[in-house]
file my_file-v5.cif (mmCIF, C-alpha atoms)
data_structure
loop_
_atom_site.label_atom_id
_atom_site.label_comp_id
_atom_site.auth_asym_id
_atom_site.auth_seq_id
_atom_site.Cartn_x
_atom_site.Cartn_y
_atom_site.Cartn_z
CA MET A 215 67.13 74.83 -45.55
CA GLN A 216 67.80 71.23 -46.50
CA PRO A 217 70.19 70.43 -43.59
CA ARG A 218 67.52 71.63 -41.14
CA ARG A 219 64.92 69.22 -42.62
CA SER A 220 67.36 66.37 -42.31
CA HIS A 221 67.90 67.07 -38.63
CA LEU A 222 64.17 67.13 -38.02
CA ALA A 223 63.65 63.79 -39.74
CA PHE A 224 66.44 62.21 -37.73
CA ALA A 225 64.98 63.48 -34.46
CA ALA A 226 61.53 62.10 -35.30
CA ALA A 227 62.97 58.71 -36.12
CA LEU A 228 64.87 58.71 -32.87
CA VAL A 229 61.72 59.51 -30.87
CA LEU A 230 59.86 56.64 -32.51
CA ALA A 231 62.70 54.20 -32.01
CA LEU A 232 63.04 54.76 -28.27
CA PRO A 233 59.63 53.24 -27.25
CA LEU A 234 60.12 50.34 -29.63
CA ALA A 235 63.50 49.63 -28.11
CA ALA A 236 62.04 49.81 -24.60
CA CYS A 237 59.22 47.44 -25.55
CA GLY A 238 61.69 44.99 -27.03
CA GLU A 239 63.72 45.10 -23.83
CA GLN A 240 60.59 44.32 -21.75
CA GLN A 241 59.68 41.41 -23.98
CA ALA A 242 63.18 40.07 -23.75
CA ALA A 243 63.13 40.42 -19.96
CA LYS A 244 59.70 38.65 -19.60
CA PRO A 245 60.14 34.88 -18.90
CA ALA A 246 58.60 32.29 -21.21
CA ASP A 247 54.95 31.18 -20.45
CA THR A 248 54.62 27.96 -18.38
CA ALA A 249 51.93 25.25 -18.98
CA PRO A 250 48.84 25.40 -16.64
CA PRO A 251 48.65 22.77 -13.87
CA PRO A 252 46.37 19.73 -14.36
CA PRO A 253 42.81 20.37 -13.13
CA LYS A 254 41.86 18.82 -9.84
CA VAL A 255 38.94 16.37 -9.98
CA THR A 256 37.31 13.97 -7.55
CA VAL A 257 37.36 10.32 -8.54
CA ALA A 258 35.90 7.13 -7.09
CA LYS A 259 35.19 3.52 -7.92
CA PRO A 260 31.64 2.51 -8.93
CA VAL A 261 29.50 1.17 -6.10
CA GLN A 262 28.62 -2.52 -6.42
CA LYS A 263 25.29 -3.66 -5.03
CA LEU A 264 22.61 -6.28 -5.58
CA VAL A 265 19.80 -4.63 -7.50
CA SER A 266 16.34 -5.89 -8.44
CA ASP A 267 13.96 -4.30 -10.91
CA TYR A 268 10.65 -3.18 -9.51
CA ASP A 269 7.41 -1.44 -10.42
CA GLU A 270 5.76 1.24 -8.33
CA TYR A 271 2.06 2.03 -7.98
CA VAL A 272 0.02 4.50 -5.96
CA GLY A 273 -2.98 3.23 -4.04
CA ARG A 274 -5.07 3.46 -0.89
CA PHE A 275 -5.38 1.42 2.27
CA VAL A 276 -8.64 -0.38 2.95
CA ALA A 277 -9.74 -2.20 6.07
CA TYR A 278 -9.64 -5.98 6.04
CA ASP A 279 -13.20 -5.88 7.41
CA PHE A 280 -15.43 -2.82 7.61
CA VAL A 281 -18.77 -3.26 9.37
CA GLU A 282 -21.67 -0.88 9.86
CA VAL A 283 -23.26 -1.39 13.26
CA ARG A 284 -27.06 -1.27 12.88
CA ALA A 285 -29.81 -2.44 15.22
CA ARG A 286 -31.89 -5.53 14.42
CA VAL A 287 -34.78 -4.36 16.60
CA SER A 288 -36.39 -0.96 17.08
CA GLY A 289 -36.41 0.79 20.42
CA TYR A 290 -34.99 3.63 22.46
CA LEU A 291 -31.22 3.71 22.92
CA GLU A 292 -30.45 3.24 26.61
CA ARG A 293 -26.65 2.98 26.95
CA ILE A 294 -23.41 3.41 24.98
CA HIS A 295 -20.49 1.29 26.19
CA PHE A 296 -17.51 2.73 24.28
CA THR A 297 -15.52 5.90 23.74
CA ASP A 298 -15.45 7.31 20.24
CA GLY A 299 -12.43 6.04 18.29
CA GLN A 300 -11.32 3.39 20.74
CA LEU A 301 -10.13 -0.12 19.90
CA VAL A 302 -12.73 -2.81 20.53
CA LYS A 303 -12.58 -6.58 20.56
CA GLN A 304 -15.01 -8.92 18.91
CA GLY A 305 -17.94 -9.49 21.29
CA ASP A 306 -17.50 -6.28 23.30
CA ALA A 307 -20.77 -4.52 24.19
CA LEU A 308 -21.33 -1.35 22.16
CA PHE A 309 -24.99 -0.27 22.58
CA THR A 310 -27.96 -1.27 24.70
CA ILE A 311 -31.55 -0.73 23.59
CA ASP A 312 -34.31 -0.54 26.22
CA ARG A 313 -34.94 -4.19 27.08
CA ARG A 314 -38.24 -3.91 28.96
CA PRO A 315 -40.64 -4.19 25.98
CA PHE A 316 -38.80 -7.23 24.71
CA GLU A 317 -38.76 -8.88 28.13
CA ALA A 318 -42.52 -8.44 28.28
CA SER A 319 -42.90 -9.92 24.79
CA LEU A 320 -40.81 -12.90 25.85
CA ASP A 321 -42.99 -13.48 28.91
CA GLN A 322 -46.10 -13.38 26.72
CA ALA A 323 -44.60 -15.87 24.29
CA LYS A 324 -43.69 -18.23 27.13
CA ALA A 325 -47.21 -17.99 28.55
CA ALA A 326 -48.72 -18.74 25.14
CA LEU A 327 -46.44 -21.73 24.85
CA GLU A 328 -47.62 -23.10 28.18
CA GLN A 329 -51.21 -22.67 27.08
CA ALA A 330 -50.49 -24.51 23.83
CA LYS A 331 -48.86 -27.35 25.73
CA ALA A 332 -51.90 -27.63 28.01
CA ASN A 333 -54.21 -27.82 25.00
CA LEU A 334 -52.01 -30.52 23.51
CA ALA A 335 -52.11 -32.55 26.70
CA TYR A 336 -55.93 -32.39 26.79
CA ALA A 337 -56.17 -33.32 23.08
CA GLU A 338 -53.87 -36.31 23.57
CA ALA A 339 -55.88 -37.55 26.57
CA ASP A 340 -59.16 -37.07 24.78
CA LEU A 341 -57.93 -39.01 21.76
CA LYS A 342 -56.63 -41.82 23.97
CA ARG A 343 -60.01 -42.21 25.65
CA GLY A 344 -61.78 -42.36 22.33
CA ALA A 345 -59.36 -44.91 20.91
CA ASN A 346 -60.14 -47.31 23.80
CA LEU A 347 -63.84 -47.32 22.98
CA VAL A 348 -65.22 -49.72 20.44
CA PRO A 349 -65.79 -47.86 17.21
CA GLY A 350 -69.43 -47.77 16.17
CA THR A 351 -70.89 -48.38 19.65
CA SER A 352 -70.01 -45.65 22.17
CA ILE A 353 -68.18 -43.34 19.75
CA THR A 354 -68.49 -42.76 16.07
CA GLN A 355 -65.63 -42.76 13.59
CA GLN A 356 -66.28 -39.08 12.88
CA THR A 357 -65.79 -38.17 16.52
CA LEU A 358 -62.57 -40.17 16.65
CA ASP A 359 -61.30 -38.36 13.55
CA GLN A 360 -62.17 -35.00 15.11
CA ARG A 361 -60.18 -35.81 18.25
CA THR A 362 -57.24 -36.93 16.12
CA GLN A 363 -57.39 -33.65 14.23
CA ALA A 364 -57.60 -31.68 17.46
CA LYS A 365 -54.43 -33.36 18.69
CA ARG A 366 -52.55 -32.45 15.51
CA VAL A 367 -53.73 -28.84 15.74
CA ALA A 368 -52.54 -28.70 19.35
CA GLU A 369 -49.12 -30.08 18.35
CA ALA A 370 -48.79 -27.44 15.61
CA SER A 371 -49.80 -24.74 18.06
CA VAL A 372 -47.05 -25.84 20.45
CA MET A 373 -44.49 -25.71 17.68
CA ALA A 374 -45.64 -22.21 16.68
CA GLN A 375 -45.44 -20.96 20.24
CA GLU A 376 -42.00 -22.48 20.68
CA ALA A 377 -40.87 -20.56 17.60
CA ALA A 378 -42.44 -17.40 19.03
CA VAL A 379 -40.46 -17.88 22.24
CA ARG A 380 -37.23 -18.31 20.30
CA GLN A 381 -37.97 -15.16 18.29
CA ALA A 382 -38.72 -13.22 21.47
CA GLU A 383 -35.44 -14.44 22.97
CA LEU A 384 -33.59 -13.33 19.84
CA ASP A 385 -35.22 -9.90 19.94
CA LEU A 386 -34.25 -9.55 23.56
CA ALA A 387 -30.66 -10.56 22.75
CA PHE A 388 -30.58 -8.07 19.87
CA THR A 389 -31.07 -5.24 22.34
CA GLU A 390 -27.41 -5.76 23.24
CA LEU A 391 -25.32 -4.73 20.21
CA LYS A 392 -21.81 -6.21 20.33
CA ALA A 393 -18.71 -5.64 18.21
CA PRO A 394 -18.90 -7.98 15.19
CA VAL A 395 -15.13 -7.77 14.60
CA SER A 396 -12.06 -6.54 16.43
CA GLY A 397 -10.83 -3.14 15.31
CA ARG A 398 -11.23 0.59 15.78
CA ILE A 399 -14.71 1.97 16.18
CA GLY A 400 -15.73 5.34 14.81
CA ASP A 401 -17.84 7.95 16.52
CA ARG A 402 -21.37 7.31 17.76
CA ARG A 403 -24.01 8.37 15.26
CA VAL A 404 -26.92 8.36 17.74
CA SER A 405 -27.14 9.68 21.29
CA VAL A 406 -28.78 8.02 24.27
CA GLY A 407 -32.55 8.49 24.33
CA ASN A 408 -33.07 8.49 20.58
CA LEU A 409 -35.39 6.06 18.86
CA VAL A 410 -33.43 3.48 16.90
CA THR A 411 -35.04 1.90 13.84
CA GLY A 412 -34.05 -1.73 13.42
CA GLY A 413 -34.78 -4.56 11.06
CA THR A 414 -33.43 -5.80 7.75
CA THR A 415 -34.66 -3.01 5.47
CA GLY A 416 -32.54 -0.18 4.10
CA ASN A 417 -33.93 2.51 6.43
CA THR A 418 -32.35 1.12 9.61
CA THR A 419 -30.43 3.47 11.86
CA LEU A 420 -26.63 3.52 11.51
CA LEU A 421 -25.15 3.55 15.00
CA ALA A 422 -21.38 3.32 14.34
CA THR A 423 -18.76 1.69 12.13
CA VAL A 424 -15.93 -0.69 13.01
CA ALA A 425 -12.81 -1.13 10.85
CA THR A 426 -10.22 -3.80 11.46
CA VAL A 427 -6.70 -2.56 12.11
CA ASP A 428 -4.25 -5.45 11.89
CA PRO A 429 -3.71 -6.69 9.24
CA ILE A 430 -4.63 -4.04 6.68
CA ARG A 431 -4.97 -4.18 2.91
CA PHE A 432 -3.65 -1.90 0.18
CA GLU A 433 -5.48 -1.66 -3.15
CA PHE A 434 -3.86 -0.45 -6.38
CA THR A 435 -4.21 -0.87 -10.14
CA MET A 436 -1.58 -1.93 -12.67
CA ASP A 437 -1.58 -1.63 -16.44
CA GLU A 438 -1.69 -4.67 -18.68
CA ALA A 439 2.01 -4.51 -19.57
CA SER A 440 3.02 -4.43 -15.92
CA TYR A 441 0.67 -7.30 -15.16
CA LEU A 442 2.31 -9.44 -17.86
CA ARG A 443 5.77 -8.45 -16.65
CA ASN A 444 4.93 -9.53 -13.11
CA LEU A 445 3.62 -12.86 -14.38
CA ALA A 446 6.83 -13.40 -16.33
CA ALA A 447 8.87 -12.67 -13.20
CA VAL A 448 7.37 -15.66 -11.39
CA SER A 449 6.62 -17.94 -14.32
CA GLY A 450 8.70 -20.75 -12.81
CA GLN A 451 7.10 -20.76 -9.38
CA ALA A 452 4.94 -23.66 -8.31
CA ALA A 453 2.23 -21.32 -7.06
CA ALA A 454 1.75 -19.76 -10.46
CA GLY A 455 -1.10 -22.11 -11.32
CA ALA A 456 -3.10 -21.26 -8.20
CA ASP A 457 -2.70 -17.50 -7.96
CA ARG A 458 -1.14 -16.69 -11.34
CA GLY A 459 2.21 -16.25 -9.64
CA MET A 460 1.25 -12.99 -7.99
CA SER A 461 2.65 -13.99 -4.61
CA LEU A 462 5.42 -11.42 -5.05
CA PRO A 463 7.15 -9.60 -2.20
CA VAL A 464 6.17 -5.97 -1.93
CA LYS A 465 7.29 -2.94 0.01
CA LEU A 466 5.44 0.23 0.78
CA LYS A 467 6.12 3.78 1.90
CA LEU A 468 3.84 6.56 3.07
CA ILE A 469 3.90 10.10 1.76
CA ASP A 470 6.02 11.30 4.71
CA GLU A 471 8.61 8.49 4.48
CA ASP A 472 11.82 8.48 2.47
CA GLY A 473 12.21 4.74 1.98
CA PHE A 474 10.05 1.67 1.54
CA LYS A 475 9.93 0.49 5.16
CA HIS A 476 6.80 -1.66 5.25
CA GLU A 477 7.00 -5.21 3.90
CA GLY A 478 4.02 -7.24 2.80
CA ARG A 479 2.72 -9.61 0.15
CA ILE A 480 0.18 -9.58 -2.66
CA ASP A 481 -2.89 -11.58 -1.66
CA PHE A 482 -5.26 -10.90 -4.54
CA VAL A 483 -5.32 -9.94 -8.22
CA ASP A 484 -8.64 -9.40 -9.95
CA ASN A 485 -9.93 -11.86 -12.54
CA VAL A 486 -10.58 -9.30 -15.31
CA ILE A 487 -8.86 -6.30 -16.88
CA ASP A 488 -11.01 -3.19 -16.95
CA ARG A 489 -11.84 -2.49 -20.59
CA SER A 490 -12.26 1.24 -20.07
CA THR A 491 -8.88 1.81 -18.40
CA GLY A 492 -6.80 -1.20 -19.47
CA THR A 493 -5.82 -1.84 -15.85
CA ILE A 494 -6.30 -4.69 -13.41
CA ARG A 495 -6.88 -4.34 -9.69
CA GLY A 496 -4.41 -5.77 -7.21
CA ARG A 497 -4.35 -5.97 -3.44
CA ALA A 498 -1.56 -6.45 -0.91
CA GLU A 499 -1.66 -7.26 2.79
CA PHE A 500 0.51 -5.59 5.44
CA LYS A 501 0.89 -6.06 9.16
CA ASN A 502 -0.20 -3.05 11.18
CA PRO A 503 0.47 -3.75 14.87
CA ASP A 504 0.76 -0.08 15.85
CA GLY A 505 -2.31 0.99 13.89
CA LYS A 506 -0.43 3.68 11.97
CA LEU A 507 -1.70 2.50 8.59
CA THR A 508 -5.24 3.84 8.33
CA PRO A 509 -7.97 2.98 5.81
CA GLY A 510 -8.21 5.66 3.14
CA MET A 511 -4.56 6.66 3.48
CA PHE A 512 -2.47 7.03 0.33
CA GLY A 513 0.77 5.09 -0.18
CA ARG A 514 3.23 3.94 -2.83
CA ILE A 515 3.80 0.24 -3.31
CA GLN A 516 6.90 -1.35 -4.79
CA ILE A 517 6.71 -4.77 -6.46
CA THR A 518 9.93 -6.64 -7.22
CA THR A 519 9.91 -8.05 -10.75
CA SER A 520 13.33 -9.72 -11.04
CA LYS A 521 15.90 -11.60 -9.00
CA PRO A 522 18.70 -9.53 -7.41
CA GLU A 523 21.79 -9.12 -9.58
CA THR A 524 25.06 -7.29 -8.95
CA ALA A 525 25.12 -3.88 -10.63
CA LEU A 526 27.42 -0.86 -10.79
CA LEU A 527 26.10 2.47 -9.53
CA VAL A 528 27.50 5.97 -9.94
CA PRO A 529 26.22 9.44 -9.05
CA ASP A 530 24.22 11.24 -11.72
CA ALA A 531 26.75 14.08 -11.47
CA ALA A 532 29.39 11.77 -12.96
CA ILE A 533 27.42 11.27 -16.19
CA ALA A 534 27.94 13.58 -19.16
CA THR A 535 25.97 13.82 -22.40
CA GLU A 536 27.19 13.88 -25.98
CA GLN A 537 24.15 14.44 -28.17
CA VAL A 538 22.15 11.27 -27.50
CA ARG A 539 24.95 9.25 -25.91
CA LYS A 540 25.86 9.16 -22.25
CA PHE A 541 29.42 8.75 -20.99
CA VAL A 542 31.59 8.98 -17.91
CA TYR A 543 35.25 10.00 -17.64
CA ALA A 544 37.52 7.15 -16.61
CA VAL A 545 40.94 8.13 -15.26
CA SER A 546 43.87 5.86 -16.12
CA ASP A 547 46.85 5.10 -13.88
CA ASP A 548 48.85 7.94 -15.46
CA GLY A 549 46.04 10.44 -14.76
CA VAL A 550 44.58 10.76 -18.27
CA ALA A 551 40.79 11.16 -18.48
CA SER A 552 39.07 9.26 -21.26
CA PRO A 553 35.33 9.00 -22.00
CA LYS A 554 33.55 5.67 -21.65
CA TYR A 555 30.11 5.44 -23.22
CA VAL A 556 27.56 3.77 -20.97
CA THR A 557 23.96 2.58 -20.93
CA LEU A 558 21.97 3.92 -18.02
CA GLY A 559 19.64 2.00 -15.76
CA PRO A 560 17.29 3.08 -12.96
CA VAL A 561 18.03 5.40 -10.05
CA VAL A 562 18.55 3.51 -6.80
CA ASP A 563 19.03 5.28 -3.47
CA GLY A 564 20.25 8.40 -5.25
CA LEU A 565 22.70 6.53 -7.51
CA ARG A 566 22.35 5.66 -11.17
CA VAL A 567 22.63 2.04 -12.26
CA ILE A 568 25.03 1.55 -15.19
CA ALA A 569 23.62 -1.24 -17.32
CA SER A 570 26.68 -1.56 -19.60
CA GLY A 571 29.89 0.16 -20.63
CA LEU A 572 31.61 0.35 -17.25
CA ASP A 573 33.90 -1.99 -15.36
CA ALA A 574 34.04 -2.42 -11.61
CA HIS A 575 37.76 -1.59 -11.59
CA ASP A 576 37.34 1.71 -13.45
CA THR A 577 38.11 4.93 -11.65
CA ILE A 578 35.67 7.58 -12.77
CA VAL A 579 35.38 11.32 -12.25
CA VAL A 580 32.50 12.10 -9.92
CA ASN A 581 33.13 15.84 -9.47
CA GLY A 582 34.74 18.41 -11.73
CA LEU A 583 33.53 17.31 -15.18
CA MET A 584 33.43 20.91 -16.41
CA ARG A 585 37.19 21.30 -15.91
CA ILE A 586 38.27 18.47 -18.20
CA ARG A 587 38.06 17.35 -21.79
CA PRO A 588 38.92 14.02 -23.44
CA GLY A 589 42.62 13.08 -23.30
CA ILE A 590 43.61 15.73 -20.75
CA LYS A 591 45.73 14.87 -17.75
CA VAL A 592 44.05 15.50 -14.39
CA GLU A 593 45.04 15.57 -10.76
CA PRO A 594 42.69 13.02 -9.12
CA GLU A 595 41.55 13.20 -5.54
CA HIS A 596 39.99 9.95 -4.37
CA ALA A 597 36.64 10.15 -2.61
CA THR A 598 35.37 7.76 0.01
CA ALA A 599 32.54 5.66 -1.40
CA ALA A 600 29.27 6.13 0.44
CA SER A 601 28.65 2.42 0.52
CA GLU A 602 30.61 -0.55 -0.74
CA SER A 603 28.43 -3.20 0.87
CA LYS A 604 26.67 -5.99 -0.96
CA ASP A 605 23.25 -5.12 0.38
CA THR A 606 20.30 -5.63 -1.91
CA ILE A 607 18.80 -2.52 -3.44
CA VAL A 608 15.72 -2.39 -5.58
CA GLY A 609 15.55 -0.31 -8.74
CA THR A 610 12.73 0.92 -10.96
CA ASN A 611 11.80 -0.04 -14.44
#

call {"tool": "encode", "arguments": {"input": "my_file-v5.cif", "output": "structure tokens"}}
result
Amino acid sequence: MQPRRSHLAFAAALVLALPLAACGEQQAAKPADTAPPPPKVTVAKPVQKLVSDYDEYVGRFVAYDFVEVRARVSGYLERIHFTDGQLVKQGDALFTIDRRPFEASLDQAKAALEQAKANLAYAEADLKRGANLVPGTSITQQTLDQRTQAKRVAEASVMAQEAAVRQAELDLAFTELKAPVSGRIGDRRVSVGNLVTGGTTGNTTLLATVATVDPIRFEFTMDEASYLRNLAAVSGQAAAGADRGMSLPVKLKLIDEDGFKHEGRIDFVDNVIDRSTGTIRGRAEFKNPDGKLTPGMFGRIQITTSKPETALLVPDAAIATEQVRKFVYAVSDDGVASPKYVTLGPVVDGLRVIASGLDAHDTIVVNGLMRIRPGIKVEPEHATAASESKDTIVGTN
């Protein structure tokens, strides 16, 4: 029985050895592992541009002049000389009030003036006759004084009637309402045939409104810190004493525009800071030849607060974060990627300003940061810079 057990043990060992031998042969036949190829990344030089710091504020457009057209005399509206919403020039006829009652009043005033002049002529002649007589004989001193008084009363009456004629002429002229300023008129508030209440009281009838178009103003508010920063930006200018140096260039964009296309200038800064909000009101003026800028419209204004300086800009995608520090990968001539810690500035035209930590001659990784780690060798592919010009760009604080 023992020889049989020995044969069985030998067979089992042989069965176990065959797979192990086959596995060893496969491992011996398999070639040695090769190193992975360097990761491909996109690299580029930083963009160099002239950059200025700026502040941005939201505000509204207001008309340079906004006038409510109201009648100075009462009467029935006879004619309307404009189309709602059209552009009018200063002096253009807008409304006509029925002139006939005022023409009659003017004729009456002229007639009363002629009567007063006739009375004055009689009083002057009567006084002259009395003055030629010997006082105390044919005429008494009392009578002479009465004639003198009558002449003065007649002179005053003439003056009063002359004033009445001028007032009647004014009232007649006020029946023709003309555009006080050039601009765009709104819609008519009263139709022909309605009674218009005129005068200088608060219950006069509003007929229409006229808003100037070109130029137009833009009102905004800035906080106290921004106000002081703007003053510091122009502290050396000669005009600082007159207007506190707020003659800064500004640009503006509307809500449907991508860039700041409209250029203007600040023409007013308020004389007090609002205690409740800690802000001060500012105003800028813009040309508006096509009339696109409309009073009441929102916009965003950009105020330059520093002189243009050359800065380096990179895409935000090229910036990585290590806890609280920011860095970019710079690729050396032999293809090794190394981190360079940088200080970030504002975003300008989609690129990030690098305040410090980067050199203009550095080649940085702009795409493929997730494929690399510090000290690894990469296969760089150079990208074409979007812009290498020296144009001025403005950045934000």

call {"tool": "residues_around", "arguments": {"input": "my_file-v5.cif", "residues": "Lys554 in chain A", "least_positions_apart": "3", "cutoff": "12 Å", "atoms": "only C-alpha atoms", "output": "number ranges by chain"}}
result
A: 532-536, 539-546, 551, 557, 568, 570-573, 576-579, 588-589

call {"tool": "write_last_selection", "arguments": {"input": "my_file-v5.cif", "atoms": "C-alpha atoms", "output": "mmCIF file, keeping the file's coordinate frame"}}
result
data_model
loop_
_atom_site.group_PDB
_atom_site.id
_atom_site.type_symbol
_atom_site.label_atom_id
_atom_site.label_comp_id
_atom_site.auth_asym_id
_atom_site.auth_seq_id
_atom_site.Cartn_x
_atom_site.Cartn_y
_atom_site.Cartn_z
ATOM 1 C CA ALA A 532 29.390 11.770 -12.960
ATOM 2 C CA ILE A 533 27.420 11.270 -16.190
ATOM 3 C CA ALA A 534 27.940 13.580 -19.160
ATOM 4 C CA THR A 535 25.970 13.820 -22.400
ATOM 5 C CA GLU A 536 27.190 13.880 -25.980
ATOM 6 C CA ARG A 539 24.950 9.250 -25.910
ATOM 7 C CA LYS A 540 25.860 9.160 -22.250
ATOM 8 C CA PHE A 541 29.420 8.750 -20.990
ATOM 9 C CA VAL A 542 31.590 8.980 -17.910
ATOM 10 C CA TYR A 543 35.250 10.000 -17.640
ATOM 11 C CA ALA A 544 37.520 7.150 -16.610
ATOM 12 C CA VAL A 545 40.940 8.130 -15.260
ATOM 13 C CA SER A 546 43.870 5.860 -16.120
ATOM 14 C CA ALA A 551 40.790 11.160 -18.480
ATOM 15 C CA THR A 557 23.960 2.580 -20.930
ATOM 16 C CA ILE A 568 25.030 1.550 -15.190
ATOM 17 C CA SER A 570 26.680 -1.560 -19.600
ATOM 18 C CA GLY A 571 29.890 0.160 -20.630
ATOM 19 C CA LEU A 572 31.610 0.350 -17.250
ATOM 20 C CA ASP A 573 33.900 -1.990 -15.360
ATOM 21 C CA ASP A 576 37.340 1.710 -13.450
ATOM 22 C CA THR A 577 38.110 4.930 -11.650
ATOM 23 C CA ILE A 578 35.670 7.580 -12.770
ATOM 24 C CA VAL A 579 35.380 11.320 -12.250
ATOM 25 C CA PRO A 588 38.920 14.020 -23.440
ATOM 26 C CA GLY A 589 42.620 13.080 -23.300
#

call {"tool": "residues_around", "arguments": {"input": "my_file-v5.cif", "residues": "Glu383 in chain A", "least_positions_apart": "6", "cutoff": "9 Å", "atoms": "all atoms listed in the file", "output": "PyMOL selection string"}}
result
chain A and resi 316-317+319-320

call {"tool": "atom_distance", "arguments": {"input": "my_file-v5.cif", "atom1": "CA of Ala422 in chain A", "atom2": "CA of Val276 in chain A"}}
result
17.5 Å

call {"tool": "resolve_selection", "arguments": {"input": "my_file-v5.cif", "expression": "the PyMOL selection byres ((chain A and resi 396) around 12)", "output": "MDAnalysis selection string"}}
result
chainID A and resid 277:281 300:307 392:395 397:399 423:429

call {"tool": "closest_residue", "arguments": {"input": "my_file-v5.cif", "among": "A:Ala370, A:Leu507, A:Leu466, A:Ala569", "to": "Gly478 in chain A", "atoms": "all atoms listed in the file"}}
result
A:Leu466

call {"tool": "closest_residue", "arguments": {"input": "my_file-v5.cif", "among": "A:Leu462, A:Asp530, A:Gln322, A:Glu471", "to": "Leu445 in chain A", "atoms": "all atoms listed in the file"}}
result
A:Leu462

call {"tool": "build_atoms", "arguments": {"input": "my_file-v5.cif", "residues": "range 509-520 of chain A", "atoms": "N, CA and C atoms", "output": "mmCIF file, in the coordinates of the input"}}
result
data_model
loop_
_atom_site.group_PDB
_atom_site.id
_atom_site.type_symbol
_atom_site.label_atom_id
_atom_site.label_comp_id
_atom_site.auth_asym_id
_atom_site.auth_seq_id
_atom_site.Cartn_x
_atom_site.Cartn_y
_atom_site.Cartn_z
ATOM 1 N N PRO A 509 -7.173 3.082 7.033
ATOM 2 C CA PRO A 509 -7.970 2.980 5.810
ATOM 3 C C PRO A 509 -8.202 4.349 5.186
ATOM 4 N N GLY A 510 -8.064 4.411 3.856
ATOM 5 C CA GLY A 510 -8.210 5.660 3.140
ATOM 6 C C GLY A 510 -6.917 6.407 2.919
ATOM 7 N N MET A 511 -5.846 5.991 3.596
ATOM 8 C CA MET A 511 -4.560 6.660 3.480
ATOM 9 C C MET A 511 -3.881 6.290 2.150
ATOM 10 N N PHE A 512 -3.212 7.284 1.554
ATOM 11 C CA PHE A 512 -2.470 7.030 0.330
ATOM 12 C C PHE A 512 -1.109 6.405 0.658
ATOM 13 N N GLY A 513 -0.564 5.668 -0.309
ATOM 14 C CA GLY A 513 0.770 5.090 -0.180
ATOM 15 C C GLY A 513 1.305 4.737 -1.545
ATOM 16 N N ARG A 514 2.582 4.371 -1.579
ATOM 17 C CA ARG A 514 3.230 3.940 -2.830
ATOM 18 C C ARG A 514 3.802 2.554 -2.601
ATOM 19 N N ILE A 515 3.389 1.619 -3.452
ATOM 20 C CA ILE A 515 3.800 0.240 -3.310
ATOM 21 C C ILE A 515 4.874 -0.083 -4.333
ATOM 22 N N GLN A 516 5.765 -0.965 -3.950
ATOM 23 C CA GLN A 516 6.900 -1.350 -4.790
ATOM 24 C C GLN A 516 6.890 -2.873 -4.936
ATOM 25 N N ILE A 517 6.786 -3.340 -6.180
ATOM 26 C CA ILE A 517 6.710 -4.770 -6.460
ATOM 27 C C ILE A 517 7.978 -5.196 -7.179
ATOM 28 N N THR A 518 8.719 -6.131 -6.603
ATOM 29 C CA THR A 518 9.930 -6.640 -7.220
ATOM 30 C C THR A 518 9.578 -7.541 -8.395
ATOM 31 N N THR A 519 10.238 -7.300 -9.526
ATOM 32 C CA THR A 519 9.910 -8.050 -10.750
ATOM 33 C C THR A 519 11.074 -8.871 -11.278
ATOM 34 N N SER A 520 12.197 -8.918 -10.568
ATOM 35 C CA SER A 520 13.330 -9.720 -11.040
ATOM 36 C C SER A 520 14.170 -10.142 -9.838
#
